[in-house]
$ cat start18.csv   # CSV, C-alpha atoms and all ligand atoms
chain,number,residue,atom,x,y,z
K,222,MET,CA,-11.3,-25.6,-126.1
K,223,ILE,CA,-9.7,-22.6,-124.3
K,224,PHE,CA,-7.6,-22.8,-121.2
K,225,SER,CA,-4.4,-21.6,-119.6
K,226,PHE,CA,-2.3,-23.5,-117.1
K,227,TYR,CA,0.5,-22.1,-114.9
K,228,ILE,CA,2.2,-23.8,-112.0
K,229,PRO,CA,5.8,-22.4,-111.7
K,230,THR,CA,6.6,-24.4,-108.5
K,231,LYS,CA,9.3,-27.1,-108.9
K,232,VAL,CA,7.8,-30.0,-107.1
K,233,PHE,CA,9.8,-32.9,-105.6
K,234,PHE,CA,7.7,-35.7,-104.2
K,235,GLY,CA,8.8,-38.8,-102.3
K,236,LYS,CA,10.5,-40.1,-99.3
K,237,ASP,CA,13.7,-38.1,-98.5
K,238,CYS,CA,13.2,-35.8,-101.4
K,239,ILE,CA,14.8,-32.9,-99.4
K,240,LYS,CA,18.1,-34.7,-99.0
K,241,THR,CA,18.1,-35.9,-102.6
K,242,ASN,CA,17.4,-32.5,-104.1
K,243,SER,CA,19.2,-30.2,-101.6
K,244,ASN,CA,21.2,-28.6,-104.4
K,245,GLU,CA,18.0,-26.8,-105.4
K,246,ILE,CA,17.9,-25.0,-102.1
K,247,ALA,CA,21.5,-23.8,-102.5
K,248,LYS,CA,20.5,-21.9,-105.6
K,249,LEU,CA,18.3,-19.6,-103.6
K,250,GLY,CA,21.0,-17.8,-101.5
K,251,SER,CA,23.0,-18.0,-98.3
K,252,LYS,CA,20.6,-16.8,-95.7
K,253,ALA,CA,17.2,-18.3,-94.9
K,254,LEU,CA,14.3,-17.5,-92.5
K,255,ILE,CA,12.5,-20.7,-91.5
K,256,VAL,CA,8.8,-20.2,-90.7
K,257,THR,CA,7.0,-22.8,-88.7
K,258,GLY,CA,4.1,-23.4,-86.3
K,259,LYS,CA,4.6,-23.8,-82.6
K,260,SER,CA,5.8,-27.4,-82.2
K,261,SER,CA,4.7,-30.0,-84.8
K,262,SER,CA,7.7,-29.5,-87.1
K,263,ASP,CA,9.9,-30.5,-84.1
K,264,LYS,CA,7.9,-33.7,-83.5
K,265,ASN,CA,7.6,-34.9,-87.1
K,266,GLY,CA,11.3,-34.4,-88.0
K,267,SER,CA,10.8,-31.8,-90.7
K,268,PHE,CA,12.6,-28.9,-88.9
K,269,ALA,CA,15.6,-31.1,-88.0
K,270,GLU,CA,15.8,-32.3,-91.6
K,271,ILE,CA,15.7,-28.8,-93.1
K,272,SER,CA,18.2,-27.4,-90.5
K,273,SER,CA,20.7,-30.2,-91.0
K,274,THR,CA,20.4,-29.7,-94.8
K,275,LEU,CA,21.1,-26.0,-94.5
K,276,LYS,CA,24.1,-26.6,-92.2
K,277,ASN,CA,25.5,-29.0,-94.9
K,278,LEU,CA,25.0,-26.3,-97.5
K,279,ASN,CA,26.6,-23.6,-95.3
K,280,ILE,CA,23.3,-21.6,-95.4
K,281,GLU,CA,22.8,-19.4,-92.4
K,282,TYR,CA,19.3,-19.5,-90.9
K,283,ILE,CA,17.0,-18.2,-88.2
K,284,ARG,CA,13.6,-19.6,-87.2
K,285,PHE,CA,10.3,-17.8,-86.7
K,286,ASN,CA,8.0,-20.3,-84.9
K,287,GLU,CA,5.2,-18.1,-83.9
K,288,VAL,CA,2.7,-19.0,-86.6
K,289,GLU,CA,-0.7,-19.9,-85.1
K,290,ALA,CA,-3.5,-21.8,-86.9
K,291,ASN,CA,-5.3,-19.4,-89.4
K,292,PRO,CA,-2.4,-16.9,-89.1
K,293,SER,CA,-3.1,-13.3,-88.4
K,294,VAL,CA,-1.9,-10.2,-90.2
K,295,GLU,CA,-0.1,-9.2,-87.0
K,296,THR,CA,1.9,-12.4,-87.0
K,297,VAL,CA,3.1,-12.1,-90.6
K,298,LEU,CA,4.0,-8.4,-90.1
K,299,LYS,CA,6.3,-9.6,-87.2
K,300,GLY,CA,7.8,-12.3,-89.4
K,301,GLY,CA,8.4,-9.9,-92.2
K,302,GLU,CA,10.3,-7.5,-89.9
K,303,LEU,CA,12.5,-10.4,-88.7
K,304,ALA,CA,13.2,-11.5,-92.3
K,305,GLY,CA,14.2,-7.9,-93.2
K,306,GLU,CA,16.4,-7.4,-90.2
K,307,PHE,CA,18.2,-10.8,-90.8
K,308,LYS,CA,18.5,-9.8,-94.5
K,309,ALA,CA,17.2,-13.2,-95.6
K,310,ASP,CA,17.7,-14.2,-99.2
K,311,PHE,CA,14.8,-16.7,-99.1
K,312,ILE,CA,12.1,-18.1,-96.9
K,313,ILE,CA,11.4,-21.7,-96.0
K,314,GLY,CA,7.8,-22.5,-94.8
K,315,ILE,CA,7.4,-25.8,-92.9
K,316,GLY,CA,4.1,-27.0,-91.6
K,317,GLY,CA,0.4,-27.1,-92.4
K,318,GLY,CA,-1.3,-24.5,-94.6
K,319,SER,CA,-0.9,-21.9,-91.8
K,320,PRO,CA,2.9,-21.7,-91.7
K,321,LEU,CA,3.0,-22.0,-95.5
K,322,ASP,CA,0.6,-19.2,-96.0
K,323,ALA,CA,2.4,-17.1,-93.4
K,324,ALA,CA,5.7,-17.7,-95.1
K,325,LYS,CA,4.2,-16.4,-98.4
K,326,ALA,CA,3.1,-13.2,-96.7
K,327,ILE,CA,6.4,-12.9,-94.9
K,328,ALA,CA,8.2,-13.3,-98.3
K,329,ILE,CA,6.2,-10.3,-99.6
K,330,LEU,CA,6.8,-8.2,-96.5
K,331,ALA,CA,10.6,-9.0,-96.4
K,332,SER,CA,11.1,-7.1,-99.6
K,333,ASN,CA,8.3,-4.5,-99.4
K,334,ASN,CA,7.8,-2.0,-96.6
K,335,ILE,CA,4.0,-1.9,-96.8
K,336,ASP,CA,0.9,-1.7,-94.6
K,337,ASP,CA,-1.8,-4.4,-94.2
K,338,GLU,CA,-4.1,-3.0,-97.0
K,339,SER,CA,-1.3,-3.0,-99.6
K,340,LEU,CA,-0.4,-6.5,-98.5
K,341,PHE,CA,-3.8,-7.7,-99.8
K,342,SER,CA,-3.5,-5.8,-103.0
K,343,GLY,CA,-1.6,-8.6,-104.8
K,344,GLN,CA,0.7,-6.1,-106.5
K,345,TYR,CA,4.1,-5.3,-105.1
K,346,LYS,CA,6.9,-2.9,-106.1
K,347,ASN,CA,9.6,-5.4,-105.2
K,348,LYS,CA,9.5,-9.1,-106.0
K,349,PRO,CA,8.7,-11.2,-102.9
K,350,LEU,CA,11.6,-13.4,-101.7
K,351,PRO,CA,11.7,-16.9,-103.1
K,352,LEU,CA,10.0,-19.5,-101.0
K,353,VAL,CA,10.5,-23.2,-100.2
K,354,ALA,CA,7.4,-25.0,-99.0
K,355,VAL,CA,7.4,-28.2,-97.0
K,356,PRO,CA,3.9,-29.3,-96.3
K,357,THR,CA,3.3,-31.5,-93.2
K,358,THR,CA,-0.5,-31.8,-93.6
K,359,ALA,CA,-2.2,-33.2,-96.6
K,360,GLY,CA,-5.0,-30.7,-97.3
K,361,THR,CA,-4.3,-27.1,-98.4
K,362,GLY,CA,-2.1,-27.7,-101.4
K,363,SER,CA,-0.6,-24.3,-100.5
K,364,GLU,CA,2.8,-25.6,-101.8
K,365,VAL,CA,1.4,-25.1,-105.4
K,366,THR,CA,-1.0,-22.2,-105.0
K,367,PRO,CA,-0.6,-18.4,-105.4
K,368,TYR,CA,-2.6,-17.7,-102.3
K,369,SER,CA,-2.0,-16.8,-98.7
K,370,ILE,CA,-5.1,-16.7,-96.4
K,371,LEU,CA,-4.9,-14.6,-93.3
K,372,THR,CA,-7.1,-13.7,-90.4
K,373,TYR,CA,-7.9,-10.0,-90.8
K,374,LYS,CA,-9.4,-8.5,-87.7
K,375,LYS,CA,-10.2,-5.2,-89.5
K,376,ILE,CA,-12.9,-7.0,-91.5
K,377,ASN,CA,-13.8,-9.6,-88.9
K,378,ASN,CA,-13.0,-12.4,-91.4
K,379,LYS,CA,-10.3,-14.3,-93.2
K,380,LYS,CA,-9.0,-12.8,-96.4
K,381,SER,CA,-6.8,-14.0,-99.2
K,382,ILE,CA,-3.8,-12.5,-100.9
K,383,ALA,CA,-3.7,-13.7,-104.5
K,384,SER,CA,-0.6,-13.1,-106.6
K,385,PRO,CA,1.4,-15.3,-109.0
K,386,GLU,CA,4.5,-13.9,-107.3
K,387,ILE,CA,3.9,-16.0,-104.2
K,388,PHE,CA,3.8,-19.4,-105.8
K,389,PRO,CA,6.6,-21.2,-103.9
K,390,ALA,CA,9.8,-21.7,-106.0
K,391,ILE,CA,10.2,-25.2,-104.6
K,392,GLY,CA,7.8,-27.7,-102.9
K,393,PHE,CA,9.3,-30.7,-101.1
K,394,LEU,CA,6.5,-33.3,-100.5
K,395,ASP,CA,7.6,-36.1,-98.2
K,396,ALA,CA,4.7,-37.9,-96.6
K,397,LYS,CA,6.8,-39.2,-93.7
K,398,PHE,CA,6.3,-35.8,-92.1
K,399,THR,CA,2.5,-36.4,-92.1
K,400,GLU,CA,2.7,-39.6,-90.2
K,401,THR,CA,2.4,-37.8,-86.8
K,402,LEU,CA,-1.0,-36.2,-87.7
K,403,SER,CA,-3.9,-37.1,-85.5
K,404,MET,CA,-6.8,-38.9,-87.2
K,405,GLU,CA,-8.9,-35.7,-86.6
K,406,THR,CA,-6.5,-33.5,-88.4
K,407,THR,CA,-6.0,-36.1,-91.1
K,408,ILE,CA,-9.7,-36.2,-91.8
K,409,ASN,CA,-10.2,-32.4,-91.6
K,410,THR,CA,-7.3,-31.7,-93.9
K,411,ALA,CA,-8.4,-34.4,-96.4
K,412,ILE,CA,-11.9,-32.8,-96.4
K,413,ASP,CA,-10.2,-29.4,-97.3
K,414,ALA,CA,-8.4,-31.1,-100.2
K,415,MET,CA,-11.7,-32.6,-101.3
K,416,SER,CA,-13.3,-29.2,-101.1
K,417,HIS,CA,-10.6,-27.7,-103.4
K,418,SER,CA,-11.1,-30.4,-106.1
K,419,LEU,CA,-14.9,-30.4,-105.8
K,420,GLU,CA,-15.3,-26.6,-105.8
K,421,GLY,CA,-12.7,-26.2,-108.5
K,422,TYR,CA,-14.4,-28.8,-110.8
K,423,LEU,CA,-17.7,-27.0,-110.3
K,424,SER,CA,-16.4,-23.5,-110.4
K,425,ALA,CA,-17.4,-20.9,-112.9
K,426,ARG,CA,-13.7,-20.7,-113.7
K,427,ALA,CA,-13.2,-24.4,-114.4
K,428,SER,CA,-11.6,-25.4,-117.7
K,429,GLU,CA,-11.0,-28.7,-119.5
K,430,ILE,CA,-7.5,-29.3,-118.0
K,431,ILE,CA,-8.9,-28.9,-114.4
K,432,LYS,CA,-11.2,-32.0,-114.7
K,433,PRO,CA,-8.6,-34.8,-114.7
K,434,LEU,CA,-6.7,-33.2,-111.8
K,435,ALA,CA,-9.9,-32.7,-109.8
K,436,LEU,CA,-11.4,-36.1,-110.5
K,437,GLU,CA,-8.1,-38.0,-109.7
K,438,SER,CA,-7.8,-36.1,-106.5
K,439,LEU,CA,-11.5,-36.8,-105.5
K,440,LYS,CA,-11.1,-40.5,-106.3
K,441,ILE,CA,-8.1,-40.9,-104.1
K,442,LEU,CA,-9.6,-38.8,-101.3
K,443,ALA,CA,-12.9,-40.7,-101.3
K,444,ILE,CA,-11.2,-44.1,-101.1
K,445,HIS,CA,-9.0,-43.0,-98.2
K,446,LEU,CA,-11.6,-41.1,-96.3
K,447,LYS,CA,-13.9,-44.2,-96.5
K,448,LYS,CA,-11.1,-46.3,-95.2
K,449,ILE,CA,-10.5,-44.0,-92.3
K,450,SER,CA,-14.2,-43.7,-91.4
K,451,GLU,CA,-14.4,-47.5,-91.3
K,452,GLY,CA,-11.7,-47.3,-88.6
K,453,LYS,CA,-9.0,-49.0,-90.7
K,454,LYS,CA,-5.3,-48.2,-90.2
K,455,ILE,CA,-3.6,-46.1,-92.8
K,456,SER,CA,-0.2,-46.9,-94.2
K,457,PHE,CA,2.7,-44.8,-95.4
K,458,GLU,CA,1.5,-45.4,-98.9
K,459,ASP,CA,-2.0,-44.1,-98.0
K,460,ARG,CA,-0.3,-41.0,-96.5
K,461,GLU,CA,1.6,-40.5,-99.8
K,462,ASN,CA,-1.7,-40.8,-101.7
K,463,LEU,CA,-3.4,-38.2,-99.5
K,464,LEU,CA,-0.4,-35.8,-99.9
K,465,TYR,CA,-0.6,-36.3,-103.7
K,466,ALA,CA,-4.3,-35.7,-103.8
K,467,SER,CA,-3.9,-32.6,-101.8
K,468,MET,CA,-1.3,-31.3,-104.2
K,469,LEU,CA,-3.6,-32.0,-107.1
K,470,GLY,CA,-6.4,-30.0,-105.3
K,471,GLY,CA,-3.9,-27.1,-104.9
K,472,MET,CA,-3.2,-27.2,-108.7
K,473,VAL,CA,-6.9,-27.1,-109.3
K,474,ILE,CA,-7.6,-24.0,-107.1
K,475,ALA,CA,-4.5,-22.3,-108.4
K,476,HIS,CA,-6.6,-21.9,-111.6
K,477,THR,CA,-10.2,-21.8,-110.4
K,478,ALA,CA,-9.9,-20.3,-106.9
K,479,THR,CA,-12.4,-21.5,-104.4
K,480,THR,CA,-16.2,-20.9,-104.3
K,481,ALA,CA,-19.1,-20.6,-101.9
K,482,VAL,CA,-18.0,-23.5,-99.6
K,483,HIS,CA,-14.7,-21.7,-98.7
K,484,ALA,CA,-16.5,-18.3,-98.4
K,485,MET,CA,-19.0,-19.9,-95.9
K,486,GLY,CA,-16.2,-21.8,-94.1
K,487,TYR,CA,-14.3,-18.6,-93.3
K,488,PRO,CA,-16.8,-17.1,-90.8
K,489,LEU,CA,-17.2,-20.5,-89.2
K,490,THR,CA,-13.5,-20.5,-88.5
K,491,TYR,CA,-13.2,-16.8,-87.6
K,492,PHE,CA,-16.2,-16.6,-85.2
K,493,ARG,CA,-16.4,-20.2,-84.0
K,494,ASN,CA,-12.8,-21.4,-84.3
K,495,ILE,CA,-13.8,-24.5,-86.3
K,496,ASP,CA,-10.9,-26.1,-88.2
K,497,HIS,CA,-10.6,-24.9,-91.8
K,498,GLY,CA,-11.3,-28.3,-93.4
K,499,ARG,CA,-14.1,-29.2,-91.1
K,500,ALA,CA,-15.7,-25.8,-91.6
K,501,ASN,CA,-15.9,-26.5,-95.4
K,502,GLY,CA,-17.1,-30.1,-94.8
K,503,LEU,CA,-20.0,-28.9,-92.6
K,504,VAL,CA,-21.6,-26.9,-95.5
K,505,MET,CA,-20.5,-29.1,-98.4
K,506,ALA,CA,-23.5,-31.4,-98.6
K,507,ALA,CA,-26.1,-28.6,-98.6
K,508,TYR,CA,-24.0,-26.8,-101.2
K,509,MET,CA,-24.1,-29.9,-103.5
K,510,GLU,CA,-27.9,-30.0,-103.0
K,511,PHE,CA,-28.1,-26.4,-103.9
K,512,LEU,CA,-26.2,-27.0,-107.2
K,513,HIS,CA,-28.2,-30.1,-107.9
K,514,ASN,CA,-31.5,-28.3,-107.4
K,515,ASN,CA,-30.2,-25.6,-109.8
K,516,GLY,CA,-29.5,-27.8,-112.7
K,517,ARG,CA,-25.8,-28.6,-112.2
K,518,ASP,CA,-24.8,-32.1,-113.3
K,519,LEU,CA,-23.0,-33.8,-110.4
K,520,THR,CA,-22.9,-37.3,-112.1
K,521,GLU,CA,-19.2,-37.4,-112.9
K,522,ILE,CA,-18.1,-36.2,-109.4
K,523,LEU,CA,-20.4,-38.6,-107.6
K,524,TYR,CA,-19.5,-41.5,-109.9
K,525,THR,CA,-15.8,-40.9,-109.3
K,526,MET,CA,-16.3,-40.9,-105.5
K,527,ASP,CA,-18.4,-44.1,-105.8
K,528,LEU,CA,-21.5,-42.3,-104.5
K,529,LYS,CA,-25.0,-42.7,-106.1
K,530,ASP,CA,-26.6,-39.3,-105.5
K,531,PRO,CA,-26.5,-36.1,-103.4
K,532,GLY,CA,-28.2,-38.0,-100.6
K,533,GLU,CA,-25.4,-40.5,-100.4
K,534,PHE,CA,-22.9,-37.7,-100.6
K,535,LYS,CA,-24.6,-36.2,-97.5
K,536,SER,CA,-24.4,-39.6,-95.6
K,537,PHE,CA,-20.7,-39.8,-96.5
K,538,MET,CA,-20.0,-36.3,-95.1
K,539,ASP,CA,-22.1,-37.0,-92.0
K,540,SER,CA,-20.1,-40.2,-91.3
K,541,LEU,CA,-16.9,-38.1,-91.4
K,542,LEU,CA,-18.1,-35.1,-89.4
K,543,GLY,CA,-19.8,-36.8,-86.4
K,544,GLN,CA,-21.6,-34.6,-84.0
K,545,LYS,CA,-22.2,-31.2,-85.6
K,546,GLU,CA,-21.9,-27.8,-84.0
K,547,SER,CA,-25.1,-25.8,-83.8
K,548,LEU,CA,-25.6,-22.2,-84.8
K,549,SER,CA,-28.0,-19.6,-83.4
K,550,ASP,CA,-30.3,-17.6,-85.7
K,551,SER,CA,-28.2,-14.5,-85.2
K,552,GLU,CA,-25.0,-16.4,-86.1
K,553,ILE,CA,-26.7,-17.6,-89.3
K,554,GLU,CA,-27.5,-14.0,-90.2
K,555,LEU,CA,-24.0,-12.7,-89.4
K,556,PHE,CA,-22.2,-15.6,-91.2
K,557,THR,CA,-24.5,-15.2,-94.2
K,558,ASP,CA,-23.6,-11.4,-94.4
K,559,THR,CA,-19.9,-12.2,-93.9
K,560,THR,CA,-20.0,-14.9,-96.7
K,561,MET,CA,-21.6,-12.5,-99.2
K,562,THR,CA,-18.6,-10.1,-98.8
K,563,SER,CA,-16.0,-12.8,-99.8
K,564,LYS,CA,-14.7,-12.4,-103.4
K,565,ASN,CA,-14.7,-16.2,-104.0
K,566,ILE,CA,-18.5,-16.2,-103.9
K,567,ALA,CA,-18.4,-14.9,-107.4
K,568,ASN,CA,-16.9,-18.1,-108.7
K,569,THR,CA,-19.9,-20.1,-107.7
K,570,LYS,CA,-22.1,-21.4,-110.6
K,571,PRO,CA,-25.0,-20.6,-110.5
K,572,SER,CA,-24.4,-17.4,-108.5
K,573,PRO,CA,-26.1,-17.8,-105.1
K,574,SER,CA,-28.3,-15.1,-103.6
K,575,ARG,CA,-28.1,-14.1,-100.0
K,576,GLU,CA,-31.2,-16.3,-99.4
K,577,ASP,CA,-29.5,-19.2,-101.0
K,578,ILE,CA,-26.5,-18.9,-98.8
K,579,LYS,CA,-28.7,-18.6,-95.7
K,580,GLU,CA,-30.6,-21.7,-96.7
K,581,ILE,CA,-27.3,-23.6,-97.1
K,582,PHE,CA,-26.3,-22.6,-93.6
K,583,VAL,CA,-29.7,-23.5,-92.2
K,584,LYS,CA,-29.7,-26.9,-93.8
K,585,SER,CA,-26.2,-27.6,-92.7
K,586,PHE,CA,-26.8,-26.9,-89.0
K,587,HIS,CA,-30.4,-28.0,-88.4
K,601,LIG,P1,-2.6,-25.8,-89.8
K,601,LIG,O1,-3.4,-24.6,-89.2
K,601,LIG,O2,-1.4,-25.4,-90.6
K,601,LIG,O3,-2.2,-26.8,-88.7
K,601,LIG,C1,-3.2,-27.3,-87.9
K,601,LIG,C2,-2.6,-28.1,-86.7
K,601,LIG,O4,-1.9,-29.2,-87.1
K,601,LIG,C3,-1.6,-27.2,-85.9
K,601,LIG,O5,-1.8,-27.4,-84.5
K,601,LIG,C4,-0.2,-27.8,-86.3
K,601,LIG,O6,0.7,-27.7,-85.2
K,601,LIG,C5,-0.6,-29.3,-86.5
K,601,LIG,N1,0.3,-30.0,-87.5
K,601,LIG,C6,0.8,-29.6,-88.7
K,601,LIG,N2,1.5,-30.6,-89.2
K,601,LIG,C7,1.5,-31.7,-88.3
K,601,LIG,C8,2.0,-33.0,-88.3
K,601,LIG,N3,2.7,-33.4,-89.3
K,601,LIG,N4,1.8,-33.7,-87.2
K,601,LIG,C9,1.0,-33.3,-86.2
K,601,LIG,N5,0.5,-32.1,-86.1
K,601,LIG,C10,0.7,-31.3,-87.2
K,601,LIG,O7,-3.7,-26.6,-90.7
K,601,LIG,P2,-4.0,-26.8,-92.2
K,601,LIG,O8,-5.4,-27.3,-92.3
K,601,LIG,O9,-2.9,-27.5,-93.0
K,601,LIG,O10,-4.0,-25.3,-92.8
K,601,LIG,C11,-5.1,-24.4,-92.6
K,601,LIG,C12,-4.8,-23.1,-93.1
K,601,LIG,O11,-4.5,-23.1,-94.5
K,601,LIG,C13,-6.0,-22.1,-93.0
K,601,LIG,O12,-5.6,-20.9,-92.6
K,601,LIG,C14,-6.6,-22.1,-94.4
K,601,LIG,O13,-7.3,-21.0,-94.7
K,601,LIG,C15,-5.3,-22.2,-95.3
K,601,LIG,N6,-5.5,-22.7,-96.7
K,601,LIG,C16,-4.7,-22.2,-97.6
K,601,LIG,C17,-4.8,-22.5,-98.9
K,601,LIG,C18,-3.9,-21.9,-100.0
K,601,LIG,O14,-4.1,-22.1,-101.1
K,601,LIG,N7,-2.9,-21.1,-99.6
K,601,LIG,C19,-5.8,-23.4,-99.3
K,601,LIG,C20,-6.6,-24.0,-98.3
K,601,LIG,C21,-6.4,-23.6,-97.0
K,601,LIG,P3,1.8,-26.6,-85.1
K,601,LIG,O15,1.1,-25.3,-85.0
K,601,LIG,O16,2.6,-26.9,-83.9
K,601,LIG,O17,2.7,-26.6,-86.4
K,602,FE,FE,-9.0,-24.7,-98.2

$ encode --input "start18.csv" --output "structure tokens" --more "lines below"
Ligand code: NAP
Ligand code: FE
Amino acid sequence: MIFSFYIPTKVFFGKDCIKTNSNEIAKLGSKALIVTGKSSSDKNGSFAEISSTLKNLNIEYIRFNEVEANPSVETVLKGGELAGEFKADFIIGIGGGSPLDAAKAIAILASNNIDDESLFSGQYKNKPLPLVAVPTTAGTGSEVTPYSILTYKKINNKKSIASPEIFPAIGFLDAKFTETLSMETTINTAIDAMSHSLEGYLSARASEIIKPLALESLKILAIHLKKISEGKKISFEDRENLLYASMLGGMVIAHTATTAVHAMGYPLTYFRNIDHGRANGLVMAAYMEFLHNNGRDLTEILYTMDLKDPGEFKSFMDSLLGQKESLSDSEIELFTDTTMTSKNIANTKPSPSREDIKEIFVKSFH
């Protein structure tokens, strides 16, 4: 058996974990830049909790609240400049994957005066600033990954920065901040987490230690997504389980990276503005069919999710996704070409050809 495992993030999980462990923040310095989305962190109480904690610790802070969904390179360059001018010692990202990913890129830019191309290189002269991550969605697992995914107009797609130096130093996971999520975002983000665990388990880079993390995450996500699709109410405990499963999915992709599903999801988001998790969900069943037809054994995954076969997997996904978007023939061609340029396509096993990817798009949308 051969594997390596590296998650340097200190994770604190549970209700009020920020207050209980605030001494950990004090170790990072005396000036912080807080990175958030437009408004959700005001509504769910996460910004107020962080700001009152910083006041109690006598840590000076300013806030950058301009992060949009699927953050752009332009936005993080702006945030990086602000962090540099303020002379921040550390960054605090609060929000869904978008503010957390933006905070990671800002942490790099705050200590490195570099252009967009060097930003994606993954290698930096100066160490990025330390980062505190407070997820308020249960999906990306960004609080425990070395990735920052940005919208990059120069290549007409999303592109990831991968560097062990952008693992957050601390992750505070308190599910009370996720209680304000709409059902739509709850489902889409849970599908994203499912996609991480499923792709990671099936990745060419999967190892033995990934399996229990991925399977536990998939079991929890399948139970809760079924409950939601049956219209049942979800409790605080359910929210905690979703946040936990999402973190496990993050730990999985921190080692395996993502595969064809994410590579196909990026153009769906870039060109059609489809939410990240939903974009993955739309192509996931046809991807599973592709693997099944090419000799991959899906038994353990399907058994864990209490599903009989790839057909039942498809019905499950259809029940979550509702009415699907449609794509024109020219969109399918463009999105296929775009997918083939993503580096995560190489982690797919077996390696898909252009025709295979096109067929997955066609099956997913017709
Ligand atoms: P998001 O883009 O961060 O947020 C989506 C929406 O949810 C925003 O409108 C946001 O509002 C709102 N929101 C966030 N928390 C909320 C809460 N507690 N209550 C109510 N609304 C809330 O969505 P996401 O799916 O979490 O993140 C997607 C991004 O993460 C994509 O760019 C994707 O590529 C990336 N990603 C990264 C990794 C990684 O390893 N780094 C992995 C997977 C995906 P506000 O704008 O007002 O905050
Ligand atoms: Fe994702």

$ closest_residue --input "start18.csv" --among "K:Ile391, K:Ile408, K:Cys238, K:Ala247" --to "ligand LIG 601 (chain K)" --atoms "all atoms listed in the file"
K:Ile408

$ closest_residue --input "start18.csv" --among "K:Asn462, K:Asn291, K:Ser574, K:Ser332" --to "ligand FE 602 (chain K)" --atoms "all atoms listed in the file"
K:Asn291

$ residues_near_ligand --input "start18.csv" --ligand "ligand FE 602 (chain K)" --cutoff "9 Å" --atoms "all atoms listed in the file" --output "count of residues only"
19

$ atom_distance --input "start18.csv" --atom1 "atom CA of K:Arg460" --atom2 "atom CA of K:Thr399"
7.0 Å

$ atom_distance --input "start18.csv" --atom1 "atom CA of K:Lys379" --atom2 "atom CA of K:Ile578"
17.7 Å

$ residues_around --input "start18.csv" --residues "K:Glu295" --least-positions-apart "3" --cutoff "12 Å" --atoms "all atoms listed in the file" --output "short mmCIF file (atom, residue, chain, number, x, y, z; two decimals) with C-alpha atoms, in the frame of the given file"
data_model
loop_
_atom_site.label_atom_id
_atom_site.label_comp_id
_atom_site.auth_asym_id
_atom_site.auth_seq_id
_atom_site.Cartn_x
_atom_site.Cartn_y
_atom_site.Cartn_z
CA GLU K 287 5.20 -18.10 -83.90
CA VAL K 288 2.70 -19.00 -86.60
CA GLU K 289 -0.70 -19.90 -85.10
CA ASN K 291 -5.30 -19.40 -89.40
CA PRO K 292 -2.40 -16.90 -89.10
CA LEU K 298 4.00 -8.40 -90.10
CA LYS K 299 6.30 -9.60 -87.20
CA GLY K 300 7.80 -12.30 -89.40
CA GLY K 301 8.40 -9.90 -92.20
CA GLU K 302 10.30 -7.50 -89.90
CA ALA K 323 2.40 -17.10 -93.40
CA ALA K 326 3.10 -13.20 -96.70
CA ILE K 327 6.40 -12.90 -94.90
CA LEU K 330 6.80 -8.20 -96.50
CA ASP K 336 0.90 -1.70 -94.60
CA ASP K 337 -1.80 -4.40 -94.20
CA LEU K 340 -0.40 -6.50 -98.50
CA LEU K 371 -4.90 -14.60 -93.30
CA THR K 372 -7.10 -13.70 -90.40
CA TYR K 373 -7.90 -10.00 -90.80
CA LYS K 374 -9.40 -8.50 -87.70
CA LYS K 375 -10.20 -5.20 -89.50
#

$ atom_distance --input "start18.csv" --atom1 "atom CA of K:Ile335" --atom2 "atom C21 of ligand LIG 601 (chain K)"
24.1 Å

$ closest_residue --input "start18.csv" --among "K:Thr401, K:Ser339, K:Asn515, K:Ser384" --to "ligand LIG 601 (chain K)" --atoms "all atoms listed in the file"
K:Thr401
